[in-house]
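Peer 1: Before anything else, here's the structure in question.
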Amino acid sequence: MTVSCHWHFSFVTKARCALAAFSISRADVPSIRYPIIKNMVLQSLKNCLWPFCILRVPKACFRSTASGGLIIQSVSNDVYQNLAVEDWIHDHMDLEKQHILFLWRNSPAVVIGRHQNPWQECNLRLLRQKNIKLARRRSGGGTVYHDLGNINLTFFTTRKKYQRMENLKLVVKALKALRPQLDVHVTDRYDILLDRQYKISGTAAKLGRTSAYHHCTLLCNADKFVLSSVLKSPYKGLKSNATPSVPASVKNLFEEDPSLTSEILLDAIAKEYATQHQIDHHITLINPADETLLPGISNKTEELQTWEWVYGKTPKFSVSTCLNMAYKDSVLDVKINMDVKNGRIEVCNIDLPEHWLPPGLYSELIKSLTGSKFCPNETTTLVTTLLRVCPQDDELHSRWNLLCDNMIMLM
């Protein structure tokens, strides 16, 4: 079996530089500073060497691995593909024979829990502007922001062996092994806190009939500005029984120690997992788009991207708000009340000023919105179609556009 190691010229170069730096003689450095420089060089060398202690093995080993444990890492940064891998392992792997640790990272994405409301949890308009993906996972829990500065870990076991707290303690132990000075601990809410106040890891789980998985995040060097911006809902007047997220102050491990890269953290956790489960320190790289390796994975990936899954699975909610519309020299208050079920408008009432719209056009608007997706694209298409049958009246068109633009802002 061929084994691919993370060994290349840049590593050799870094190691040589570190050793060369340490070749300074005691005569060149005041004795009081010599131990400091020595420690700095040794730490630098350790950082160079660390990622190469874990071997990456080819994907062929994925399904043929004997009983025991398995560590796999996705080569994809696509949130839908990586969530599909979780589903595939949960549905197809025999977890009685082997437990699995799945390592993965995503390009910018917001991931909501199975029973959450995306309008309540995040700024959908900003996601669309920044081209950030929105995904709904199959586990419960709250909403999280992912980018390449965030690590995701999924622990697969049988339901009987499911131990969320032990998994988190493993992560903490790996962090302590890397940097003993880090003040990290697991809370009763199954979060990992840094310095007793900053959340660096959130957690969620799915418990099946016989199988289970627990996944958690780990903030290494995520974009905190984007994180805080997209996880702030601008929508008012929403009433929902969906599971709400619990806000928390967050911090990157990189802020505490800039030498803690995602790669070093991933390998440290893999090493600790391998040690605790008495398996080889090998990470199997897999491609979530490989149908020969993961038969049926494409269907799972496609389903996770559908509007029906991402938005349509939102628990029933209502919108009750007042639009303050500036028109000519006045501000009009327009009350909107809507019930939304399965992501579609079930009931729609718009309290317009008298004579704002012709009665027939108003009726057509309500009729068209009822049953439609609570979605700016679909609503834009509907109102554009209705506008074509409006009388050619500039003032009427102006009123119509103002109302529709404000309604779309609710979505």
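Simple scheme: letters A, B, ... for chains in structure tokens order, numbers from 1 for residues in each chain, numbers from 1 for ligands in the order shown.
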Could you tell me, as a PyMOL selection string, which residues of range 272-390 of chain A DSSP assigns to alpha helix (DSSP H) when given the backbone?

Peer 2: chain A and resi 272-277+297-305+307-310+359-369+376-387

Peer 1: Residues of the last selection are to be written out with N, CA and C atoms, as a compact mmCIF listing (two decimals), in the first residue's frame.

Peer 2:
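Output saved as out-v8.txt:
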```txt
# COMPACT_ATOMS: atom_id res chain seq x y z
N GLU A 272 -4.33 12.46 19.01
CA GLU A 272 -4.92 12.13 20.31
C GLU A 272 -6.03 11.08 20.16
N TYR A 273 -6.81 11.19 19.08
CA TYR A 273 -7.87 10.21 18.82
C TYR A 273 -7.26 8.83 18.59
N ALA A 274 -6.19 8.81 17.78
CA ALA A 274 -5.52 7.54 17.50
C ALA A 274 -4.94 6.92 18.77
N THR A 275 -4.36 7.76 19.60
CA THR A 275 -3.76 7.27 20.85
C THR A 275 -4.82 6.68 21.78
N GLN A 276 -5.92 7.42 21.95
CA GLN A 276 -6.96 6.96 22.87
C GLN A 276 -7.66 5.70 22.39
N HIS A 277 -7.75 5.55 21.06
CA HIS A 277 -8.45 4.38 20.52
C HIS A 277 -7.49 3.28 20.06
N ILE A 297 -23.74 9.08 -2.91
CA ILE A 297 -23.39 10.32 -2.21
C ILE A 297 -23.90 11.56 -2.97
N SER A 298 -23.93 11.49 -4.29
CA SER A 298 -24.36 12.66 -5.08
C SER A 298 -25.81 13.01 -4.80
N ASN A 299 -26.66 11.99 -4.64
CA ASN A 299 -28.07 12.26 -4.33
C ASN A 299 -28.22 12.95 -2.98
N LYS A 300 -27.42 12.51 -2.02
CA LYS A 300 -27.47 13.14 -0.69
C LYS A 300 -27.01 14.59 -0.76
N THR A 301 -25.96 14.83 -1.54
CA THR A 301 -25.44 16.20 -1.68
C THR A 301 -26.46 17.10 -2.34
N GLU A 302 -27.11 16.58 -3.40
CA GLU A 302 -28.12 17.38 -4.12
C GLU A 302 -29.31 17.70 -3.22
N GLU A 303 -29.75 16.74 -2.43
CA GLU A 303 -30.89 16.98 -1.55
C GLU A 303 -30.61 18.09 -0.54
N LEU A 304 -29.39 18.11 -0.01
CA LEU A 304 -29.03 19.12 0.99
C LEU A 304 -29.00 20.53 0.41
N GLN A 305 -28.93 20.66 -0.93
CA GLN A 305 -28.87 21.97 -1.57
C GLN A 305 -30.24 22.48 -1.99
N TRP A 307 -34.05 23.91 -2.19
CA TRP A 307 -34.81 24.92 -1.44
C TRP A 307 -35.74 24.22 -0.46
N GLU A 308 -36.31 23.10 -0.88
CA GLU A 308 -37.25 22.36 -0.03
C GLU A 308 -36.61 21.90 1.26
N TRP A 309 -35.32 21.57 1.23
CA TRP A 309 -34.63 21.14 2.46
C TRP A 309 -34.15 22.34 3.28
N VAL A 310 -33.46 23.27 2.63
CA VAL A 310 -32.84 24.39 3.35
C VAL A 310 -33.89 25.31 3.96
N PRO A 359 -58.62 47.79 -6.28
CA PRO A 359 -59.07 46.58 -5.59
C PRO A 359 -58.73 45.29 -6.33
N GLY A 360 -58.88 45.31 -7.65
CA GLY A 360 -58.58 44.10 -8.43
C GLY A 360 -57.11 43.72 -8.37
N LEU A 361 -56.24 44.71 -8.43
CA LEU A 361 -54.80 44.45 -8.39
C LEU A 361 -54.38 43.98 -7.00
N TYR A 362 -54.98 44.57 -5.97
CA TYR A 362 -54.69 44.14 -4.60
C TYR A 362 -55.08 42.67 -4.42
N SER A 363 -56.25 42.31 -4.90
CA SER A 363 -56.72 40.92 -4.79
C SER A 363 -55.78 39.96 -5.51
N GLU A 364 -55.33 40.36 -6.69
CA GLU A 364 -54.42 39.51 -7.45
C GLU A 364 -53.08 39.34 -6.73
N LEU A 365 -52.64 40.40 -6.06
CA LEU A 365 -51.38 40.33 -5.32
C LEU A 365 -51.50 39.32 -4.17
N ILE A 366 -52.58 39.41 -3.39
CA ILE A 366 -52.79 38.50 -2.27
C ILE A 366 -52.92 37.07 -2.78
N LYS A 367 -53.67 36.90 -3.85
CA LYS A 367 -53.89 35.57 -4.43
C LYS A 367 -52.57 34.96 -4.91
N SER A 368 -51.72 35.77 -5.54
CA SER A 368 -50.45 35.26 -6.08
C SER A 368 -49.47 34.92 -4.96
N LEU A 369 -49.45 35.73 -3.91
CA LEU A 369 -48.52 35.47 -2.80
C LEU A 369 -48.91 34.24 -2.00
N PRO A 376 -37.37 35.94 -1.92
CA PRO A 376 -37.31 37.18 -2.72
C PRO A 376 -37.33 36.93 -4.22
N ASN A 377 -36.69 35.87 -4.68
CA ASN A 377 -36.66 35.60 -6.12
C ASN A 377 -38.05 35.30 -6.66
N GLU A 378 -38.77 34.42 -5.95
CA GLU A 378 -40.11 34.06 -6.43
C GLU A 378 -41.06 35.24 -6.33
N THR A 379 -40.97 35.99 -5.23
CA THR A 379 -41.84 37.15 -5.07
C THR A 379 -41.56 38.20 -6.13
N THR A 380 -40.30 38.41 -6.46
CA THR A 380 -39.94 39.36 -7.51
C THR A 380 -40.55 38.95 -8.84
N THR A 381 -40.48 37.66 -9.14
CA THR A 381 -41.05 37.16 -10.40
C THR A 381 -42.56 37.38 -10.43
N LEU A 382 -43.22 37.11 -9.29
CA LEU A 382 -44.68 37.27 -9.22
C LEU A 382 -45.09 38.72 -9.43
N VAL A 383 -44.44 39.63 -8.71
CA VAL A 383 -44.86 41.04 -8.79
C VAL A 383 -44.50 41.65 -10.14
N THR A 384 -43.43 41.16 -10.75
CA THR A 384 -43.06 41.65 -12.08
C THR A 384 -44.10 41.22 -13.11
N THR A 385 -44.58 39.99 -12.96
CA THR A 385 -45.63 39.49 -13.86
C THR A 385 -46.91 40.28 -13.70
N LEU A 386 -47.29 40.56 -12.46
CA LEU A 386 -48.51 41.33 -12.21
C LEU A 386 -48.38 42.77 -12.70
N LEU A 387 -47.18 43.30 -12.62
CA LEU A 387 -46.97 44.69 -13.04
C LEU A 387 -47.27 44.86 -14.53
```

Peer 1: May I have the residues within 8 Å of range 219-225 of chain A as a PyMOL selection string, using only C-alpha atoms and disregarding those fewer than 2 positions away in the same chain?

Peer 2: chain A and resi 146-151+200-201+217+227-229+251-255+260-262

Peer 1: Could you go through range 52-287 of chain A and tell me which residues DSSP, when run on the backbone, assigns to strand (DSSP E), listing them as an NGL selection string?

Peer 2: :A and (55-57 or 68-74 or 98-104 or 109-112 or 133-136 or 144-146 or 150-158 or 184-186 or 192-194 or 198-201 or 203-207 or 211-219 or 238-240 or 282-286)

Peer 1: Tell me, in Å to one decimal, how far CA of Leu193 in chain A is from CA of Gln163 in chain A.

Peer 2: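 Spanning CA of Leu193 in chain A to CA of Gln163 in chain A is a straight-line distance of 18.9 Å.
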
Peer 1: So that I can see what lies close to Leu178 in chain A, please list as a VMD selection string the residues with an atom at most 9 Å from it, counting only C-alpha atoms and leaving out residues fewer than 4 positions away in the same chain.

Peer 2: chain A and resid 173 to 174 182 260 264 to 265 268

Peer 1: Write out, as a JSON list (two decimals), in the first residue's frame, the residues just selected, with C-alpha atoms.

Peer 2:
```json
[["chain", "number", "residue", "atom", "x", "y", "z"],
["A", 173, "LYS", "CA", -6.48, 17.12, 25.81],
["A", 174, "ALA", "CA", -5.11, 17.52, 22.27],
["A", 182, "LEU", "CA", -3.97, 27.22, 27.14],
["A", 260, "LEU", "CA", -1.74, 27.35, 16.06],
["A", 264, "ILE", "CA", -1.49, 21.68, 13.33],
["A", 265, "LEU", "CA", -4.77, 21.51, 15.24],
["A", 268, "ALA", "CA", -3.02, 17.09, 17.03]]
```

Peer 1: Between A:Asn77, A:Asn106, A:Asn342, A:Gln181, which residue has the minimum interatomic distance to Asp257 in chain A, considering only C-alpha atoms?

Peer 2: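 Residue with the minimum atom-to-atom distance to Asp257 in chain A: A:Gln181.
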
Peer 1: What's around range 138-143 of chain A at 9 Å? Count only C-alpha atoms, leave out sequence neighbours fewer than 4 positions away in its own chain, and write the answer as a list in words.

Peer 2: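 After dropping sequence-adjacent residues, the list is Leu83, Asp87, Val110, Val111, Ile112, Gly113, Arg114, His115, Gln116, Pro118, Glu121, Cys122, Gly202, Thr203, Ala204, Ala205, Lys206, Leu207, Tyr213, His214, His215, Leu231, Thr243, Pro244, Ser245 and Val246 of chain A.
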
Peer 1: Using only C-alpha atoms, determine which residues lie at most 10 Å from Val184 in chain A, disregarding the query and same-chain residues fewer than 5 positions distant; provide the list as a list in words.

Peer 2: Lys169, Val171, Val172, Lys173, Leu175, Lys176, Ile192, Leu193, Leu194, Asp195, Arg196, Gln197, Tyr198, Lys199 and Ile200 of chain A

Peer 1: Compile the contact shell of Ile72 in chain A as a list in words: residues with an atom at most 7 Å away, counting only C-alpha atoms, same-chain residues fewer than 3 positions apart removed.

Peer 2: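 The filter keeps Leu101, Phe102, Leu103, Ile283, Thr284, Leu285 and Ile286 of chain A.
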
Peer 1: Let me see the file: selected residues, all heavy atoms, as a JSON list (two decimals), in the first residue's frame.

Peer 2:
```json
[["chain", "number", "residue", "atom", "x", "y", "z"],
["A", 101, "LEU", "N", -13.59, 9.04, 13.13],
["A", 101, "LEU", "CA", -13.44, 10.49, 13.30],
["A", 101, "LEU", "C", -13.34, 11.10, 11.90],
["A", 101, "LEU", "O", -12.48, 10.72, 11.11],
["A", 101, "LEU", "CB", -12.18, 10.82, 14.10],
["A", 101, "LEU", "CG", -11.80, 12.31, 14.15],
["A", 101, "LEU", "CD1", -12.89, 13.14, 14.82],
["A", 101, "LEU", "CD2", -10.47, 12.51, 14.89],
["A", 102, "PHE", "N", -14.22, 12.03, 11.60],
["A", 102, "PHE", "CA", -14.25, 12.70, 10.30],
["A", 102, "PHE", "C", -13.81, 14.15, 10.48],
["A", 102, "PHE", "O", -14.39, 14.89, 11.28],
["A", 102, "PHE", "CB", -15.67, 12.63, 9.73],
["A", 102, "PHE", "CG", -15.88, 13.36, 8.43],
["A", 102, "PHE", "CD1", -14.92, 13.35, 7.42],
["A", 102, "PHE", "CD2", -17.07, 14.06, 8.20],
["A", 102, "PHE", "CE1", -15.12, 14.02, 6.23],
["A", 102, "PHE", "CE2", -17.29, 14.74, 7.01],
["A", 102, "PHE", "CZ", -16.31, 14.71, 6.02],
["A", 103, "LEU", "N", -12.77, 14.55, 9.75],
["A", 103, "LEU", "CA", -12.22, 15.91, 9.81],
["A", 103, "LEU", "C", -12.59, 16.64, 8.53],
["A", 103, "LEU", "O", -12.40, 16.11, 7.43],
["A", 103, "LEU", "CB", -10.69, 15.85, 9.94],
["A", 103, "LEU", "CG", -10.11, 14.92, 11.01],
["A", 103, "LEU", "CD1", -8.59, 14.82, 10.86],
["A", 103, "LEU", "CD2", -10.49, 15.40, 12.40],
["A", 283, "ILE", "N", -4.42, 9.17, 8.57],
["A", 283, "ILE", "CA", -5.62, 9.89, 8.16],
["A", 283, "ILE", "C", -5.92, 9.50, 6.71],
["A", 283, "ILE", "O", -5.07, 9.65, 5.83],
["A", 283, "ILE", "CB", -5.44, 11.42, 8.25],
["A", 283, "ILE", "CG1", -5.25, 11.84, 9.72],
["A", 283, "ILE", "CG2", -6.66, 12.14, 7.67],
["A", 283, "ILE", "CD1", -5.00, 13.32, 9.89],
["A", 284, "THR", "N", -7.12, 8.99, 6.47],
["A", 284, "THR", "CA", -7.53, 8.61, 5.13],
["A", 284, "THR", "C", -8.19, 9.79, 4.45],
["A", 284, "THR", "O", -9.17, 10.34, 4.96],
["A", 284, "THR", "CB", -8.52, 7.43, 5.18],
["A", 284, "THR", "OG1", -7.92, 6.33, 5.85],
["A", 284, "THR", "CG2", -8.93, 7.00, 3.78],
["A", 285, "LEU", "N", -7.65, 10.21, 3.33],
["A", 285, "LEU", "CA", -8.21, 11.33, 2.57],
["A", 285, "LEU", "C", -9.30, 10.81, 1.65],
["A", 285, "LEU", "O", -9.10, 9.84, 0.92],
["A", 285, "LEU", "CB", -7.13, 12.02, 1.75],
["A", 285, "LEU", "CG", -5.96, 12.63, 2.55],
["A", 285, "LEU", "CD1", -4.94, 13.23, 1.61],
["A", 285, "LEU", "CD2", -6.46, 13.68, 3.53],
["A", 286, "ILE", "N", -10.47, 11.46, 1.67],
["A", 286, "ILE", "CA", -11.57, 11.03, 0.80],
["A", 286, "ILE", "C", -12.12, 12.21, 0.01],
["A", 286, "ILE", "O", -12.07, 13.36, 0.46],
["A", 286, "ILE", "CB", -12.71, 10.37, 1.60],
["A", 286, "ILE", "CG1", -13.36, 11.37, 2.56],
["A", 286, "ILE", "CG2", -12.23, 9.14, 2.34],
["A", 286, "ILE", "CD1", -14.70, 10.91, 3.09]]
```

Peer 1: Write out as a PyMOL selection string each polymer residue whose atoms come within 12 Å of Trp119 in chain A, counting only C-alpha atoms; drop sequence neighbours fewer than 6 positions from it.

Peer 2: chain A and resi 112+125-127+134+143+230-240+242+244+310-311+314-319+340+343+374-375+409-411

Peer 1: Could you check which of A:Leu70, A:Val144, A:Leu95, A:Ile132 is closest to Pro247 in chain A, using only C-alpha atoms?

Peer 2: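 For Pro247 in chain A, the nearest of the given residues is A:Val144.
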
Peer 1: One number please: CA of Val226 in chain A to CA of Ala135 in chain A, in Å, one decimal.

Peer 2: 16.6 Å
